[in-house]
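Quick notes on the structure that follows.
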Amino acid sequence: MVRYDKSTAQRGEQYIEDRRRAGGSRGKMAGGVVGGGGLIGIIIAIIVALTGGGGGSGFDIGAAGFDTGAGPVSQQIDDPAAPVVDPQAETREYMAALMADIQDTWSEYFERAGIDYTETKLVLFTDAVQTGCGNASAGVGPFYCPAPGDNKVYIDLTFYDELATRFQAPGDFAQAYVIAHEIGHHIQSITGISDKVRQAQQEDPNNANEYSVRLELQADCLAGVWGFSANQRTTADGKPILEAGDIDEGLRAAQAVGDDSIQSQAGMSINPDTWTHGSAESRAKWFREGFTTGDPEKCDTFAASEV
């Protein structure tokens, strides 16, 4: 169980952008289509490792891919008489608390490294959303858009139902792992790691998937770094933020979204050549690396001989 103070959730509201069709909104909906420290060390190490290549989008497209075509986005018709009902209110509050806590962690790391941290936001949507990276449907799963002027994390909260049922990875820390992973992509984006990986993929297309896997595994490790930080703190009333068993929830979630797990679940043959996010074993391994060390320098997946 991940505990949080109400004050943290309230402070985290500034990092939530709610574009849901329902939930905290009034009215009926009408369909429509609308168009120097450890951190510095790892950045330098990764850039050196990618000399002659570089970059990755940092854009977590999920197993289903990313739809850059037009997608349906609902428009709201206001009905002042309709009551405000949000069946996802508790999850929304939890997301706000997570956003505040995760960004506090990275702001502190960046400050120690002498670098300004650029905060991000979490966009909540229903079914489809318009982003700086194009239009996306909920089918792509949670993702981060690194486009200039965007740099936000996106999620349809119903994904958590799928995570618990289809992927058999329930729990609030499993949910936290998802958000922390996407903010890991934000860290990669604002430090230039993503651009270096993208460049490498363009210059060495035969190994584009390999670069993608290493980028994703690094985001898993960075999610673990946040978990390490959270595990050191308590709430205002002195209770630990994390409880025994939370790490297991995170590991199960990391394993559940491994490429081999997804292929197996879909009845497909296991084909590492098609992987873009990494195996279940690798995803759990790198999340655990971040969680046990709390050190971003240990997240240099690009220097590892094997991931």
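Residues are named by chain letter and number: chains run A, B, ... in the order of the structure tokens, numbers start at 1 in each chain, and ligands are numbered from 1 in the order shown.
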| request: Can you pull out every residue within 12 Å of Phe173 in chain A, counting only C-alpha atoms, but drop anything in the same chain fewer than 5 positions away, and send it as a count of residues only? | output: 33
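For the pair CA of Ala97 in chain A and CA of Ser7 in chain A, the separation is 8.3 Å.
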| Interatomic distance, CA of Thr276 in chain A to CA of Gln263 in chain A (Å, one decimal) |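 Pair CA of Thr276 in chain A / CA of Gln263 in chain A returns 11.9 Å.
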| message | Quick one: residues within 9 Å of Asp101 in chain A, only C-alpha atoms, excluding same-chain residues fewer than 5 positions away - as a list in words? | response |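 Neighbouring residues, sequence-local ones excluded: Tyr4, Thr8, Ala9, Gly12, Ala96, Trp106, Trp226 and Ala230 of chain A.
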| Could you pull the residues within 9 Å of Glu210 in chain A, counting only C-alpha atoms, minus those fewer than 5 positions along the same chain, as a PyMOL selection string? | chain A and resi 201+215+273+275-278
Go ahead and save the residues from that selection, with C-alpha atoms, as a compact mmCIF listing (two decimals), in the first residue's frame.
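Saved the output as out_27.txt:
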# COMPACT_ATOMS: atom_id res chain seq x y z
CA GLN A 201 18.27 4.58 -34.36
CA LEU A 215 15.83 3.13 -23.39
CA ASP A 273 14.08 -9.59 -32.58
CA TRP A 275 11.03 -6.56 -28.83
CA THR A 276 10.99 -2.84 -28.11
CA HIS A 277 10.60 -2.79 -24.32
CA GLY A 278 12.56 -5.78 -23.03
| message | Taking only C-alpha atoms into account, name the residue in A:Asp300, A:Ala236, A:Asp104, A:Ile262 that is nearest to Tyr117 in chain A. | response |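 Looking only at the distances to Tyr117 in chain A, the closest residue turns out to be A:Asp104.
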| message | Ranking A:Glu182, A:Tyr177, A:Ile115, A:Arg20 by minimum distance to Asp127 in chain A and counting only C-alpha atoms, which one comes first? | response |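 Of A:Glu182, A:Tyr177, A:Ile115, A:Arg20, the one nearest Asp127 in chain A, counting only C-alpha atoms, is A:Arg20.
Note that the spacing between CA of Ala138 in chain A and CA of Phe159 in chain A amounts to 7.9 Å.
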| Out of range 76-305 of chain A, which residues get alpha helix (DSSP H) from DSSP, as number ranges by chain? | A: 89-112, 159-165, 172-190, 193-203, 208-230, 246-256, 259-265, 280-293
Written file, previous selection with C-alpha atoms, as an mmCIF file, in the first residue's frame:
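Okay, result-v4.cif is ready:
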data_model
loop_
_atom_site.group_PDB
_atom_site.id
_atom_site.type_symbol
_atom_site.label_atom_id
_atom_site.label_comp_id
_atom_site.auth_asym_id
_atom_site.auth_seq_id
_atom_site.Cartn_x
_atom_site.Cartn_y
_atom_site.Cartn_z
ATOM 1 C CA ALA A 89 -11.912 10.317 -7.837
ATOM 2 C CA GLU A 90 -9.796 8.204 -5.493
ATOM 3 C CA THR A 91 -7.421 7.146 -8.261
ATOM 4 C CA ARG A 92 -7.200 10.728 -9.503
ATOM 5 C CA GLU A 93 -6.226 11.934 -6.038
ATOM 6 C CA TYR A 94 -3.627 9.194 -5.823
ATOM 7 C CA MET A 95 -2.209 10.249 -9.198
ATOM 8 C CA ALA A 96 -1.877 13.816 -7.935
ATOM 9 C CA ALA A 97 -0.013 12.632 -4.836
ATOM 10 C CA LEU A 98 2.272 10.455 -6.985
ATOM 11 C CA MET A 99 3.062 13.284 -9.359
ATOM 12 C CA ALA A 100 4.046 15.550 -6.488
ATOM 13 C CA ASP A 101 6.177 12.888 -4.815
ATOM 14 C CA ILE A 102 7.946 11.650 -7.943
ATOM 15 C CA GLN A 103 8.767 15.158 -9.096
ATOM 16 C CA ASP A 104 10.018 16.104 -5.633
ATOM 17 C CA THR A 105 12.425 13.180 -5.917
ATOM 18 C CA TRP A 106 13.800 14.216 -9.296
ATOM 19 C CA SER A 107 13.900 17.893 -8.425
ATOM 20 C CA GLU A 108 16.115 16.992 -5.470
ATOM 21 C CA TYR A 109 18.419 14.826 -7.626
ATOM 22 C CA PHE A 110 18.743 17.545 -10.246
ATOM 23 C CA GLU A 111 19.403 20.201 -7.607
ATOM 24 C CA ARG A 112 22.244 18.126 -6.145
ATOM 25 C CA PHE A 159 -5.585 1.017 -18.060
ATOM 26 C CA TYR A 160 -5.218 0.120 -14.409
ATOM 27 C CA ASP A 161 -8.191 -2.227 -14.711
ATOM 28 C CA GLU A 162 -6.392 -3.942 -17.585
ATOM 29 C CA LEU A 163 -3.157 -4.038 -15.596
ATOM 30 C CA ALA A 164 -4.940 -5.814 -12.740
ATOM 31 C CA THR A 165 -7.004 -8.239 -14.816
ATOM 32 C CA ASP A 172 -1.353 0.732 -5.982
ATOM 33 C CA PHE A 173 2.415 0.355 -6.207
ATOM 34 C CA ALA A 174 1.986 -1.335 -9.575
ATOM 35 C CA GLN A 175 0.106 1.797 -10.612
ATOM 36 C CA ALA A 176 2.887 3.948 -9.209
ATOM 37 C CA TYR A 177 5.469 1.979 -11.217
ATOM 38 C CA VAL A 178 3.609 2.873 -14.422
ATOM 39 C CA ILE A 179 3.698 6.612 -13.730
ATOM 40 C CA ALA A 180 7.289 6.538 -12.438
ATOM 41 C CA HIS A 181 8.362 4.699 -15.620
ATOM 42 C CA GLU A 182 6.776 7.353 -17.835
ATOM 43 C CA ILE A 183 8.396 10.142 -15.844
ATOM 44 C CA GLY A 184 11.614 8.221 -16.396
ATOM 45 C CA HIS A 185 11.076 8.995 -20.077
ATOM 46 C CA HIS A 186 10.657 12.649 -19.135
ATOM 47 C CA ILE A 187 14.041 12.544 -17.411
ATOM 48 C CA GLN A 188 15.544 11.015 -20.555
ATOM 49 C CA SER A 189 13.936 13.700 -22.690
ATOM 50 C CA ILE A 190 15.017 16.776 -20.736
ATOM 51 C CA ILE A 193 19.286 11.043 -23.705
ATOM 52 C CA SER A 194 16.188 10.490 -25.840
ATOM 53 C CA ASP A 195 17.551 12.634 -28.651
ATOM 54 C CA LYS A 196 20.804 10.687 -28.642
ATOM 55 C CA VAL A 197 18.937 7.403 -28.875
ATOM 56 C CA ARG A 198 16.753 8.676 -31.698
ATOM 57 C CA GLN A 199 19.862 9.709 -33.605
ATOM 58 C CA ALA A 200 21.396 6.282 -33.059
ATOM 59 C CA GLN A 201 18.266 4.584 -34.361
ATOM 60 C CA GLN A 202 18.351 6.701 -37.504
ATOM 61 C CA GLU A 203 22.029 6.033 -38.133
ATOM 62 C CA ALA A 208 16.786 0.372 -33.669
ATOM 63 C CA ASN A 209 14.889 -2.120 -31.510
ATOM 64 C CA GLU A 210 17.946 -2.727 -29.358
ATOM 65 C CA TYR A 211 18.226 0.992 -28.651
ATOM 66 C CA SER A 212 14.526 1.119 -27.847
ATOM 67 C CA VAL A 213 14.809 -1.780 -25.395
ATOM 68 C CA ARG A 214 17.724 -0.155 -23.589
ATOM 69 C CA LEU A 215 15.826 3.127 -23.389
ATOM 70 C CA GLU A 216 12.793 1.408 -21.891
ATOM 71 C CA LEU A 217 14.851 -0.574 -19.403
ATOM 72 C CA GLN A 218 16.552 2.605 -18.299
ATOM 73 C CA ALA A 219 13.122 4.131 -17.651
ATOM 74 C CA ASP A 220 12.320 1.064 -15.533
ATOM 75 C CA CYS A 221 15.508 1.622 -13.554
ATOM 76 C CA LEU A 222 14.706 5.304 -13.074
ATOM 77 C CA ALA A 223 11.266 4.287 -11.805
ATOM 78 C CA GLY A 224 13.073 2.123 -9.271
ATOM 79 C CA VAL A 225 15.197 5.102 -8.209
ATOM 80 C CA TRP A 226 12.007 6.911 -7.260
ATOM 81 C CA GLY A 227 10.845 3.800 -5.391
ATOM 82 C CA PHE A 228 14.091 3.823 -3.388
ATOM 83 C CA SER A 229 13.499 7.458 -2.481
ATOM 84 C CA ALA A 230 9.877 6.841 -1.469
ATOM 85 C CA ASP A 246 4.922 -2.982 -2.498
ATOM 86 C CA ILE A 247 8.193 -3.827 -4.243
ATOM 87 C CA ASP A 248 6.696 -7.165 -5.234
ATOM 88 C CA GLU A 249 3.759 -5.358 -6.840
ATOM 89 C CA GLY A 250 6.173 -3.237 -8.848
ATOM 90 C CA LEU A 251 8.197 -6.246 -9.938
ATOM 91 C CA ARG A 252 5.064 -8.116 -11.006
ATOM 92 C CA ALA A 253 3.958 -5.134 -13.053
ATOM 93 C CA ALA A 254 7.375 -4.827 -14.705
ATOM 94 C CA GLN A 255 7.366 -8.523 -15.573
ATOM 95 C CA ALA A 256 3.770 -8.450 -16.808
ATOM 96 C CA ASP A 259 7.613 -8.175 -24.466
ATOM 97 C CA ASP A 260 7.850 -11.938 -24.032
ATOM 98 C CA SER A 261 4.978 -11.927 -21.524
ATOM 99 C CA ILE A 262 2.787 -9.968 -23.912
ATOM 100 C CA GLN A 263 3.662 -12.168 -26.880
ATOM 101 C CA SER A 264 2.965 -15.309 -24.885
ATOM 102 C CA GLN A 265 -0.334 -13.986 -23.622
ATOM 103 C CA ALA A 280 9.951 -9.694 -18.280
ATOM 104 C CA GLU A 281 13.186 -10.732 -16.596
ATOM 105 C CA SER A 282 15.084 -7.674 -17.826
ATOM 106 C CA ARG A 283 12.356 -5.221 -16.883
ATOM 107 C CA ALA A 284 12.190 -6.592 -13.351
ATOM 108 C CA LYS A 285 15.997 -6.684 -13.133
ATOM 109 C CA TRP A 286 16.435 -3.012 -14.006
ATOM 110 C CA PHE A 287 13.541 -1.844 -11.852
ATOM 111 C CA ARG A 288 15.118 -3.731 -8.953
ATOM 112 C CA GLU A 289 18.507 -2.156 -9.731
ATOM 113 C CA GLY A 290 17.077 1.317 -9.315
ATOM 114 C CA PHE A 291 15.053 0.363 -6.254
ATOM 115 C CA THR A 292 17.942 -1.223 -4.388
ATOM 116 C CA THR A 293 20.604 1.389 -5.218
#
